[in-house]
file target_20.csv (CSV, C-alpha atoms)
chain,number,residue,atom,x,y,z
A,19,MET,CA,-47.1,-49.7,33.9
A,20,VAL,CA,-48.3,-49.4,30.3
A,21,LEU,CA,-46.5,-50.6,27.2
A,22,VAL,CA,-47.3,-48.4,24.3
A,23,ILE,CA,-45.9,-48.3,20.8
A,24,GLY,CA,-46.0,-44.9,19.1
A,25,ARG,CA,-44.1,-41.7,18.0
A,26,LEU,CA,-42.6,-39.0,20.2
A,27,ASP,CA,-43.0,-35.2,19.4
A,28,VAL,CA,-41.6,-32.4,21.4
A,29,VAL,CA,-43.2,-28.9,21.5
A,30,GLY,CA,-41.5,-26.5,23.9
A,31,ASP,CA,-41.2,-28.4,27.2
A,32,ALA,CA,-44.0,-30.9,26.6
A,33,VAL,CA,-43.6,-34.2,25.0
A,34,PHE,CA,-46.5,-35.6,23.1
A,35,PHE,CA,-47.0,-39.2,22.0
A,36,ALA,CA,-49.0,-40.1,18.9
A,37,THR,CA,-50.2,-43.7,18.9
A,38,HIS,CA,-51.1,-45.9,15.9
A,39,SER,CA,-54.6,-44.7,15.9
A,40,ALA,CA,-53.5,-41.0,15.8
A,41,GLU,CA,-54.3,-40.6,19.4
A,42,LEU,CA,-52.2,-38.1,21.2
A,43,VAL,CA,-51.2,-38.4,24.8
A,44,ARG,CA,-49.0,-36.2,26.9
A,45,VAL,CA,-46.1,-38.0,28.5
A,46,THR,CA,-45.6,-36.9,32.0
A,47,ASN,CA,-43.5,-39.5,33.7
A,48,ALA,CA,-41.2,-40.7,30.9
A,49,THR,CA,-37.6,-41.4,31.5
A,50,ASP,CA,-35.3,-38.5,30.6
A,51,SER,CA,-32.7,-40.4,28.7
A,52,LEU,CA,-35.4,-42.0,26.5
A,53,LEU,CA,-36.7,-38.6,25.6
A,54,ARG,CA,-33.4,-37.1,24.7
A,55,ARG,CA,-32.4,-40.0,22.4
A,56,ASN,CA,-35.5,-39.6,20.3
A,57,TYR,CA,-35.7,-35.8,20.3
A,58,GLU,CA,-34.1,-35.3,16.9
A,59,ASP,CA,-35.8,-37.9,14.9
A,60,SER,CA,-39.3,-37.7,16.1
A,61,LYS,CA,-40.5,-39.9,13.3
A,62,VAL,CA,-38.9,-43.1,14.7
A,63,TRP,CA,-41.3,-45.6,16.0
A,64,ILE,CA,-40.2,-46.5,19.5
A,65,ARG,CA,-41.1,-48.7,22.3
A,66,CYS,CA,-41.8,-46.6,25.3
A,67,LEU,CA,-41.8,-48.2,28.7
A,68,THR,CA,-43.2,-45.7,31.1
A,69,GLY,CA,-46.1,-44.8,33.3
A,70,MET,CA,-48.4,-42.4,31.5
A,71,GLU,CA,-51.5,-40.3,32.2
A,72,ARG,CA,-54.0,-39.7,29.6
A,73,GLU,CA,-55.1,-36.1,29.5
A,74,GLY,CA,-58.3,-35.4,27.6
A,75,THR,CA,-57.6,-37.7,24.7
A,76,GLU,CA,-60.8,-36.9,22.8
A,77,VAL,CA,-59.6,-33.3,22.5
A,78,TRP,CA,-56.3,-34.1,20.8
A,79,GLY,CA,-57.0,-35.3,17.4
A,80,GLU,CA,-55.9,-34.6,13.9
A,81,GLU,CA,-55.7,-30.9,14.8
A,82,MET,CA,-53.0,-31.3,17.3
A,83,VAL,CA,-51.0,-33.4,15.0
A,84,GLY,CA,-51.0,-30.6,12.5
A,85,PHE,CA,-49.9,-28.1,15.2
A,86,LEU,CA,-47.0,-30.3,16.2
A,87,LYS,CA,-45.8,-30.5,12.7
A,88,ILE,CA,-45.7,-26.8,12.3
A,89,GLY,CA,-43.9,-26.4,15.6
A,90,ARG,CA,-41.2,-28.7,14.4
A,91,MET,CA,-40.8,-26.7,11.1
A,92,PHE,CA,-40.4,-23.4,12.9
A,93,ARG,CA,-37.8,-24.7,15.2
A,94,GLY,CA,-35.7,-26.0,12.2
A,95,PHE,CA,-36.3,-22.7,10.3
A,96,PHE,CA,-35.1,-20.6,13.2
A,97,VAL,CA,-31.9,-22.7,13.6
A,98,LYS,CA,-31.2,-22.4,9.9
A,99,THR,CA,-31.7,-18.7,10.0
A,100,ILE,CA,-29.2,-18.2,12.8
A,101,GLY,CA,-26.7,-20.4,11.0
A,102,PHE,CA,-27.1,-18.3,7.8
A,103,VAL,CA,-26.6,-15.0,9.6
A,104,GLY,CA,-23.5,-16.4,11.3
A,105,TYR,CA,-22.0,-17.4,8.0
A,106,THR,CA,-22.9,-14.1,6.4
A,107,ILE,CA,-21.1,-12.2,9.2
A,108,GLN,CA,-18.0,-14.4,8.9
A,109,TYR,CA,-17.8,-14.0,5.1
A,110,GLY,CA,-18.5,-10.2,5.5
A,111,CYS,CA,-15.5,-9.9,7.9
A,112,ILE,CA,-13.2,-11.9,5.6
A,113,ALA,CA,-14.3,-9.8,2.6
A,114,HIS,CA,-13.7,-6.6,4.4
A,115,CYS,CA,-10.2,-7.7,5.5
A,116,ALA,CA,-9.4,-8.7,2.0
A,117,PHE,CA,-10.5,-5.4,0.5
A,118,GLU,CA,-8.7,-3.4,3.2
A,119,TYR,CA,-5.3,-5.3,3.3
A,120,ILE,CA,-5.0,-7.3,0.1
A,121,GLY,CA,-6.5,-5.5,-2.8
A,122,GLU,CA,-9.6,-4.2,-4.5
A,123,PHE,CA,-11.1,-3.9,-8.0
A,124,VAL,CA,-11.3,-0.4,-9.5
A,125,SER,CA,-13.1,0.9,-12.5
A,126,CYS,CA,-11.3,3.8,-14.1
A,127,SER,CA,-12.8,6.6,-16.0
A,128,GLY,CA,-11.2,9.6,-17.7
A,129,PRO,CA,-8.6,10.2,-20.4
A,130,SER,CA,-5.6,11.1,-18.2
A,131,MET,CA,-3.9,7.7,-18.3
A,132,GLU,CA,-4.2,6.9,-22.0
A,133,PRO,CA,-2.9,4.8,-23.7
A,134,THR,CA,-2.1,2.7,-20.7
A,135,ILE,CA,-5.5,2.8,-19.1
A,136,THR,CA,-8.6,3.9,-21.1
A,137,ASN,CA,-12.1,4.9,-20.1
A,138,HIS,CA,-14.2,2.1,-18.4
A,139,ASP,CA,-11.2,-0.2,-17.8
A,140,VAL,CA,-11.3,-2.4,-14.7
A,141,VAL,CA,-8.0,-2.9,-12.9
A,142,PHE,CA,-6.9,-4.7,-9.7
A,143,SER,CA,-5.0,-2.6,-7.2
A,144,GLU,CA,-3.1,-4.2,-4.4
A,145,ARG,CA,-2.6,-2.7,-1.0
A,146,VAL,CA,0.3,-4.7,0.2
A,147,SER,CA,2.9,-2.4,-1.3
A,148,ARG,CA,1.4,0.7,0.2
A,149,ASN,CA,1.3,-0.9,3.7
A,150,LEU,CA,4.9,-1.9,3.5
A,151,CYS,CA,5.9,1.5,2.0
A,152,ARG,CA,7.2,-0.2,-1.2
A,153,ILE,CA,5.7,2.1,-3.8
A,154,GLN,CA,8.4,2.8,-6.5
A,155,LYS,CA,9.0,5.2,-9.3
A,156,GLY,CA,7.0,4.2,-12.4
A,157,ASP,CA,4.2,2.5,-10.4
A,158,ILE,CA,0.6,3.4,-11.3
A,159,VAL,CA,-1.2,4.1,-8.1
A,160,ILE,CA,-4.8,4.8,-7.0
A,161,ALA,CA,-4.9,7.7,-4.5
A,162,LYS,CA,-7.6,9.8,-2.8
A,163,SER,CA,-7.9,13.2,-4.5
A,164,PRO,CA,-6.3,16.0,-2.4
A,165,PHE,CA,-9.2,18.2,-3.1
A,166,ASP,CA,-12.1,15.8,-2.5
A,167,PRO,CA,-11.5,12.8,-0.3
A,168,LYS,CA,-14.5,11.0,-1.7
A,169,MET,CA,-13.0,11.0,-5.2
A,170,ASN,CA,-10.0,8.8,-6.3
A,171,ILE,CA,-7.4,9.5,-8.9
A,172,CYS,CA,-5.3,7.1,-10.9
A,173,LYS,CA,-1.8,8.3,-11.8
A,174,ARG,CA,1.8,7.2,-12.3
A,175,VAL,CA,4.4,7.9,-9.6
A,176,ILE,CA,7.1,10.1,-11.2
A,177,GLY,CA,9.1,11.0,-8.1
A,178,LEU,CA,9.4,9.9,-4.5
A,179,GLU,CA,10.4,12.0,-1.5
A,180,GLY,CA,13.7,13.7,-2.1
A,181,ASP,CA,13.7,13.3,-5.9
A,182,LYS,CA,14.1,16.1,-8.4
A,183,VAL,CA,11.2,16.4,-10.8
A,184,CYS,CA,10.6,18.6,-13.8
A,185,ASN,CA,7.5,20.8,-13.2
A,186,SER,CA,7.5,22.9,-16.4
A,187,GLY,CA,5.3,22.1,-19.3
A,188,PRO,CA,6.5,20.4,-22.5
A,189,SER,CA,6.1,23.7,-24.4
A,190,ASP,CA,8.3,25.7,-22.1
A,191,VAL,CA,11.8,26.6,-23.3
A,192,PHE,CA,13.4,26.7,-19.9
A,193,LYS,CA,12.8,23.7,-17.7
A,194,THR,CA,12.3,24.2,-14.0
A,195,HIS,CA,12.8,21.6,-11.4
A,196,THR,CA,11.6,21.1,-7.8
A,197,TYR,CA,12.4,18.6,-5.1
A,198,VAL,CA,9.6,16.4,-3.8
A,199,PRO,CA,9.2,17.1,0.0
A,200,ARG,CA,9.5,14.4,2.7
A,201,GLY,CA,6.4,12.2,2.9
A,202,HIS,CA,5.1,13.2,-0.5
A,203,VAL,CA,5.1,11.8,-4.1
A,204,TRP,CA,4.8,13.4,-7.5
A,205,LEU,CA,2.1,12.0,-9.6
A,206,GLU,CA,1.5,12.5,-13.4
A,207,GLY,CA,-0.9,11.0,-15.8
A,208,ASP,CA,0.4,9.2,-18.9
A,209,ASN,CA,-1.6,11.5,-21.2
A,210,LEU,CA,0.4,14.6,-20.4
A,211,ARG,CA,-1.7,16.9,-22.5
A,212,ASN,CA,-5.0,16.0,-20.9
A,213,SER,CA,-4.2,15.3,-17.2
A,214,THR,CA,-4.5,17.4,-14.0
A,215,ASP,CA,-1.9,16.0,-11.7
A,216,SER,CA,1.0,17.2,-9.6
A,217,ARG,CA,2.0,19.7,-12.2
A,218,SER,CA,-1.1,21.6,-11.3
A,219,TYR,CA,-1.7,20.8,-7.6
A,220,GLY,CA,1.8,20.0,-6.4
A,221,PRO,CA,3.1,16.9,-4.6
A,222,VAL,CA,0.6,14.6,-3.0
A,223,PRO,CA,1.1,13.2,0.6
A,224,TYR,CA,2.1,9.5,0.5
A,225,ALA,CA,-0.7,8.7,3.0
A,226,LEU,CA,-3.3,9.5,0.4
A,227,ILE,CA,-2.3,6.6,-1.7
A,228,ARG,CA,-4.8,3.7,-1.6
A,229,GLY,CA,-3.1,1.0,-3.6
A,230,ARG,CA,-0.8,0.1,-6.5
A,231,VAL,CA,-2.4,-1.0,-9.8
A,232,CYS,CA,-0.8,-4.3,-10.8
A,233,LEU,CA,-3.2,-6.0,-13.3
A,234,LYS,CA,-5.7,-4.9,-15.9
A,235,LEU,CA,-8.7,-7.1,-16.0
A,236,TRP,CA,-11.0,-5.5,-18.5
A,237,PRO,CA,-11.2,-5.3,-21.6
A,238,PRO,CA,-10.1,-8.9,-22.1
A,239,GLN,CA,-7.9,-8.1,-25.1
A,240,SER,CA,-5.6,-6.0,-23.0
A,241,PHE,CA,-5.7,-8.3,-19.9
A,242,GLY,CA,-2.4,-8.5,-18.0
A,243,VAL,CA,0.4,-6.4,-16.5
A,244,LEU,CA,0.4,-2.7,-17.4
A,245,ALA,CA,2.9,-1.1,-19.7
A,246,GLU,CA,5.8,1.2,-18.7
A,247,SER,CA,5.5,4.9,-19.0
A,248,PRO,CA,5.2,6.1,-22.6
A,249,ASN,CA,6.8,9.4,-21.7
A,250,ASP,CA,10.6,9.1,-21.7
A,251,GLY,CA,12.5,11.5,-19.6
A,252,ARG,CA,9.8,12.4,-17.1
A,253,ILE,CA,11.2,10.0,-14.6
A,254,LEU,CA,14.6,11.4,-13.7
B,7,LEU,CA,-16.1,7.2,13.3
B,8,CYS,CA,-19.2,7.8,11.1
B,9,GLY,CA,-18.6,11.5,10.9
B,10,ILE,CA,-15.1,10.9,9.6
B,11,LYS,CA,-16.1,8.5,6.9
B,12,ASN,CA,-18.5,11.2,5.6
B,13,TYR,CA,-15.8,13.8,6.1
B,14,ASN,CA,-18.2,16.0,8.0
B,15,TYR,CA,-16.8,17.7,11.1
B,16,ARG,CA,-16.9,21.1,12.6
B,17,THR,CA,-14.1,23.3,13.5
B,18,LEU,CA,-12.5,23.1,16.9
B,19,GLN,CA,-12.6,19.3,17.1
B,20,LEU,CA,-9.5,17.4,17.9
B,21,LEU,CA,-8.6,15.1,15.0
B,22,ASN,CA,-6.3,12.2,14.5
B,23,VAL,CA,-4.5,12.8,11.3
B,24,LYS,CA,-1.9,10.9,9.3
B,25,SER,CA,1.2,13.0,9.2
B,26,PRO,CA,2.0,14.5,5.8
B,27,LYS,CA,5.7,14.3,6.6
B,28,ASP,CA,5.7,10.6,7.7
B,29,PRO,CA,2.9,8.4,6.4
B,30,ARG,CA,3.3,5.9,9.2
B,31,GLN,CA,2.9,8.5,12.0
B,32,LYS,CA,-0.4,9.9,13.3
B,33,ILE,CA,-0.6,13.3,14.9
B,34,ILE,CA,-3.4,14.8,17.0
B,35,LYS,CA,-4.2,18.4,16.4
B,36,ARG,CA,-7.2,20.8,16.6
B,37,VAL,CA,-9.1,22.0,13.5
B,38,ILE,CA,-8.8,25.7,13.3
B,39,GLY,CA,-10.2,26.3,9.8
B,40,ILE,CA,-12.0,24.4,7.1
B,41,GLU,CA,-12.1,25.0,3.4
B,42,GLY,CA,-12.7,28.6,2.5
B,43,ASP,CA,-11.7,30.2,5.8
B,44,PHE,CA,-9.1,32.9,6.1
B,45,ILE,CA,-6.5,32.2,8.8
B,46,LYS,CA,-3.9,34.4,10.3
B,47,THR,CA,-0.9,32.1,10.7
B,48,LEU,CA,1.8,31.8,13.4
B,49,GLY,CA,5.1,31.3,11.7
B,50,TYR,CA,4.0,30.1,8.3
B,51,LYS,CA,5.6,31.3,5.2
B,52,ASN,CA,2.5,33.5,4.3
B,53,ARG,CA,1.0,35.7,7.0
B,54,TYR,CA,-2.6,35.1,5.8
B,55,VAL,CA,-3.8,31.9,4.2
B,56,ARG,CA,-7.1,31.0,2.6
B,57,VAL,CA,-7.6,27.3,3.3
B,58,PRO,CA,-8.0,25.5,-0.1
B,59,ASP,CA,-10.9,23.3,-1.1
B,60,GLY,CA,-10.8,19.9,0.5
B,61,HIS,CA,-8.2,20.9,3.0
B,62,LEU,CA,-8.0,21.8,6.7
B,63,TRP,CA,-5.9,24.0,8.9
B,64,ILE,CA,-4.8,22.2,12.0
B,65,GLU,CA,-2.9,23.5,15.0
B,66,GLY,CA,-1.7,22.1,18.3
B,67,ASP,CA,-2.8,23.9,21.5
B,68,HIS,CA,0.7,24.6,22.5
B,69,HIS,CA,1.5,27.2,19.9
B,70,GLY,CA,5.2,27.7,20.0
B,71,HIS,CA,6.2,24.0,20.1
B,72,SER,CA,3.9,22.3,17.8
B,73,PHE,CA,4.4,20.5,14.5
B,74,ASP,CA,1.3,21.5,12.7
B,75,SER,CA,-0.1,23.5,9.8
B,76,ASN,CA,2.2,26.4,10.7
B,77,THR,CA,5.0,24.2,9.6
B,78,PHE,CA,3.6,22.1,6.7
B,79,GLY,CA,0.6,24.1,5.6
B,80,PRO,CA,-3.0,23.0,5.1
B,81,VAL,CA,-3.6,19.2,5.1
B,82,SER,CA,-5.9,17.3,2.8
B,83,ARG,CA,-9.2,16.0,4.3
B,84,GLY,CA,-8.3,12.5,3.0
B,85,LEU,CA,-5.5,12.3,5.6
B,86,VAL,CA,-7.9,12.4,8.6
B,87,HIS,CA,-8.0,9.1,10.3
B,88,GLY,CA,-10.3,9.7,13.3
B,89,ARG,CA,-11.5,12.1,15.9
B,90,ALA,CA,-10.2,12.2,19.5
B,91,SER,CA,-13.2,12.2,21.6
B,92,HIS,CA,-12.1,11.1,25.1
B,93,ILE,CA,-9.0,10.8,27.2
B,94,ILE,CA,-9.0,7.4,28.9
B,95,TRP,CA,-5.5,7.1,30.4
B,96,PRO,CA,-4.2,8.0,33.0
B,97,PRO,CA,-7.4,7.6,35.0
B,98,SER,CA,-6.8,10.9,36.7
B,99,ARG,CA,-7.4,12.6,33.4
B,100,TRP,CA,-10.6,10.9,32.3
B,101,GLN,CA,-12.6,13.5,30.4
B,102,ARG,CA,-14.5,14.1,27.3
B,103,ILE,CA,-12.6,16.4,24.9
B,104,GLU,CA,-14.7,19.4,24.2
B,105,PRO,CA,-14.5,21.4,20.9
B,106,SER,CA,-13.1,24.8,21.9
B,107,VAL,CA,-10.5,27.2,20.9
B,108,PRO,CA,-9.0,30.4,22.4
B,109,PRO,CA,-10.7,33.4,20.8
B,110,GLU,CA,-7.4,34.8,19.3
B,111,ARG,CA,-7.1,31.7,17.0
B,112,ARG,CA,-10.5,32.0,15.3
B,113,PRO,CA,-10.5,32.4,11.6
B,114,LEU,CA,-10.7,36.0,10.2
B,115,LEU,CA,-13.4,35.2,7.7
B,116,ASN,CA,-15.6,32.2,7.3
B,117,ARG,CA,-16.5,30.5,4.1
B,118,ASP,CA,-19.7,32.4,3.7
B,119,GLY,CA,-18.0,35.7,4.4
B,120,ALA,CA,-19.2,36.2,8.0
B,121,THR,CA,-16.6,37.7,10.3
B,122,GLU,CA,-16.2,36.4,13.8
B,123,ASP,CA,-17.6,38.6,16.5
B,124,GLY,CA,-15.2,40.0,19.1
B,125,TYR,CA,-12.1,39.5,17.0
B,126,ASP,CA,-9.5,42.2,17.4
B,127,ASP,CA,-6.2,42.3,15.5
call {"tool": "encode", "arguments": {"input": "target_20.csv", "output": "structure tokens"}}
result
Amino acid sequence: MVLVIGRLDVVGDAVFFATHSAELVRVTNATDSLLRRNYEDSKVWIRCLTGMEREGTEVWGEEMVGFLKIGRMFRGFFVKTIGFVGYTIQYGCIAHCAFEYIGEFVSCSGPSMEPTITNHDVVFSERVSRNLCRIQKGDIVIAKSPFDPKMNICKRVIGLEGDKVCNSGPSDVFKTHTYVPRGHVWLEGDNLRNSTDSRSYGPVPYALIRGRVCLKLWPPQSFGVLAESPNDGRIL
Amino acid sequence: LCGIKNYNYRTLQLLNVKSPKDPRQKIIKRVIGIEGDFIKTLGYKNRYVRVPDGHLWIEGDHHGHSFDSNTFGPVSRGLVHGRASHIIWPPSRWQRIEPSVPPERRPLLNRDGATEDGYDD
């Protein structure tokens, strides 16, 4: 039975003991409970009551102390990396759900919604109305383009399914009307002279709508809720 | 689902599409023609149709009793929700769904102008 005062270090399955004089011995018969208690804080000076064998003590010197320190660092680094990856995955899932079910930020380009939305404006479009089928006449929506599903269009809803809409141009003398078919909406840009919308490609299926624009975020001087349609009489 | 997100799919696959008549419903039909193809229709308002850009012509396999493009016309590619690849229930019908179509439903003319071999009117 030997009474030794020193420091415990664990590398893999082996426990090493560094004494006052920087001597390292490998602990072979130590009590299990003692080892566990001191595993985390290997810098604590402990009193170890156990039977020990000395294994080649002249070989273990300053070198082994250095190796033990690196072993400890790698273990801590590995644990931290796993924790970081876990947090990243959690935040990624939450962000994905937010963009899919709550809303997204959209940067608009093009002149077809002037003066309500101008080029390079940033707006926030929410998805809740679309999922609950509560898009109404007069809402500005972001929809996938019927001709290219990778492009998006930003227009105002003029008519819902079953509504009568005017599909003749402003310069026509006789106005013609059509009815919006079931499951479709009629979209028009606010800048009627410079907008390709349902007047050219017909009603758009409701399922192509991605979200309803509810707030303009940029530029800061026009921050806030968007204006009503400037074209009187288009919404019947 | 990767092919769907890139909007690349070949003809003759079975697709899961959001219905253009009811946005909450999804229908499963076969792609008969992609953009640029000329299709001879079965019961549509025009006898011959050129599928517009960004659209698909979809049909059910049971021709007389199917709510498909012969009723509502070509559908936009943005409505595609997924591809039906396997039947998993009931277990007696486990199979992989193969892209195939009866020869009389092939398009008349493909996008690059090639006619289908063996087509007779």
call {"tool": "closest_residue", "arguments": {"input": "target_20.csv", "among": "A:Gly156, A:Pro248, A:Pro199, A:Pro133", "to": "chain B", "atoms": "all atoms listed in the file"}}
result
A:Pro199
call {"tool": "residues_around", "arguments": {"input": "target_20.csv", "residues": "segment 224-228 of chain A", "least_positions_apart": "5", "cutoff": "6 Å", "atoms": "all atoms listed in the file", "output": "CSV table (one decimal) with C-alpha atoms, in the coordinates of the input"}}
result
chain,number,residue,atom,x,y,z
A,160,ILE,CA,-4.8,4.8,-7.0
A,161,ALA,CA,-4.9,7.7,-4.5
A,162,LYS,CA,-7.6,9.8,-2.8
A,201,GLY,CA,6.4,12.2,2.9
A,202,HIS,CA,5.1,13.2,-0.5
A,203,VAL,CA,5.1,11.8,-4.1
B,29,PRO,CA,2.9,8.4,6.4
call {"tool": "interface_residues", "arguments": {"input": "target_20.csv", "of": "chain A", "to": "chain B", "cutoff": "6 Å", "atoms": "only C-alpha atoms", "output": "JSON, numbers by chain"}}
result
{"A": [164, 165, 166, 167, 200, 201, 223, 225]}
call {"tool": "write_last_selection", "arguments": {"input": "target_20.csv", "atoms": "C-alpha atoms", "output": "short mmCIF file (atom, residue, chain, number, x, y, z; two decimals), in the coordinates of the input"}}
result
data_model
loop_
_atom_site.label_atom_id
_atom_site.label_comp_id
_atom_site.auth_asym_id
_atom_site.auth_seq_id
_atom_site.Cartn_x
_atom_site.Cartn_y
_atom_site.Cartn_z
CA PRO A 164 -6.30 16.00 -2.40
CA PHE A 165 -9.20 18.20 -3.10
CA ASP A 166 -12.10 15.80 -2.50
CA PRO A 167 -11.50 12.80 -0.30
CA ARG A 200 9.50 14.40 2.70
CA GLY A 201 6.40 12.20 2.90
CA PRO A 223 1.10 13.20 0.60
CA ALA A 225 -0.70 8.70 3.00
#
call {"tool": "atom_distance", "arguments": {"input": "target_20.csv", "atom1": "atom CA of Ile158 of chain A", "atom2": "atom CA of Val175 of chain A"}}
result
6.1 Å
call {"tool": "atom_distance", "arguments": {"input": "target_20.csv", "atom1": "atom CA of Pro80 of chain B", "atom2": "atom CA of Val198 of chain A"}}
result
16.8 Å
call {"tool": "residues_around", "arguments": {"input": "target_20.csv", "residues": "Gly79 of chain B", "least_positions_apart": "2", "cutoff": "9 Å", "atoms": "all atoms listed in the file", "output": "mmCIF file with C-alpha atoms, in the coordinates of the input"}}
result
data_model
loop_
_atom_site.group_PDB
_atom_site.id
_atom_site.type_symbol
_atom_site.label_atom_id
_atom_site.label_comp_id
_atom_site.auth_asym_id
_atom_site.auth_seq_id
_atom_site.Cartn_x
_atom_site.Cartn_y
_atom_site.Cartn_z
ATOM 1 C CA TYR B 50 4.000 30.100 8.300
ATOM 2 C CA LYS B 51 5.600 31.300 5.200
ATOM 3 C CA LEU B 62 -8.000 21.800 6.700
ATOM 4 C CA TRP B 63 -5.900 24.000 8.900
ATOM 5 C CA ILE B 64 -4.800 22.200 12.000
ATOM 6 C CA ASP B 74 1.300 21.500 12.700
ATOM 7 C CA SER B 75 -0.100 23.500 9.800
ATOM 8 C CA ASN B 76 2.200 26.400 10.700
ATOM 9 C CA THR B 77 5.000 24.200 9.600
ATOM 10 C CA VAL B 81 -3.600 19.200 5.100
#
call {"tool": "atom_distance", "arguments": {"input": "target_20.csv", "atom1": "atom CA of Asn212 of chain A", "atom2": "atom CA of Ile153 of chain A"}}
result
24.5 Å
call {"tool": "closest_residue", "arguments": {"input": "target_20.csv", "among": "A:Lys173, A:Lys193, A:Lys234, A:Arg93", "to": "Ser130 of chain A", "atoms": "all atoms listed in the file"}}
result
A:Lys173
call {"tool": "closest_residue", "arguments": {"input": "target_20.csv", "among": "B:Pro96, B:Asn52, B:Leu21, B:Glu65", "to": "Gly39 of chain B", "atoms": "only C-alpha atoms"}}
result
B:Glu65
call {"tool": "residues_around", "arguments": {"input": "target_20.csv", "residues": "segment 140-151 of chain A", "least_positions_apart": "2", "cutoff": "9 Å", "atoms": "only C-alpha atoms", "output": "ChimeraX atom specification"}}
result
/A:117-126,135,138,153-154,159-160,224-225,227-237 /B:29-30
call {"tool": "residues_around", "arguments": {"input": "target_20.csv", "residues": "Thr134 of chain A", "least_positions_apart": "5", "cutoff": "9 Å", "atoms": "all atoms listed in the file", "output": "list in words"}}
result
Asp208, Asn209, Leu244, Ala245, Glu246, Ser247 and Pro248 of chain A
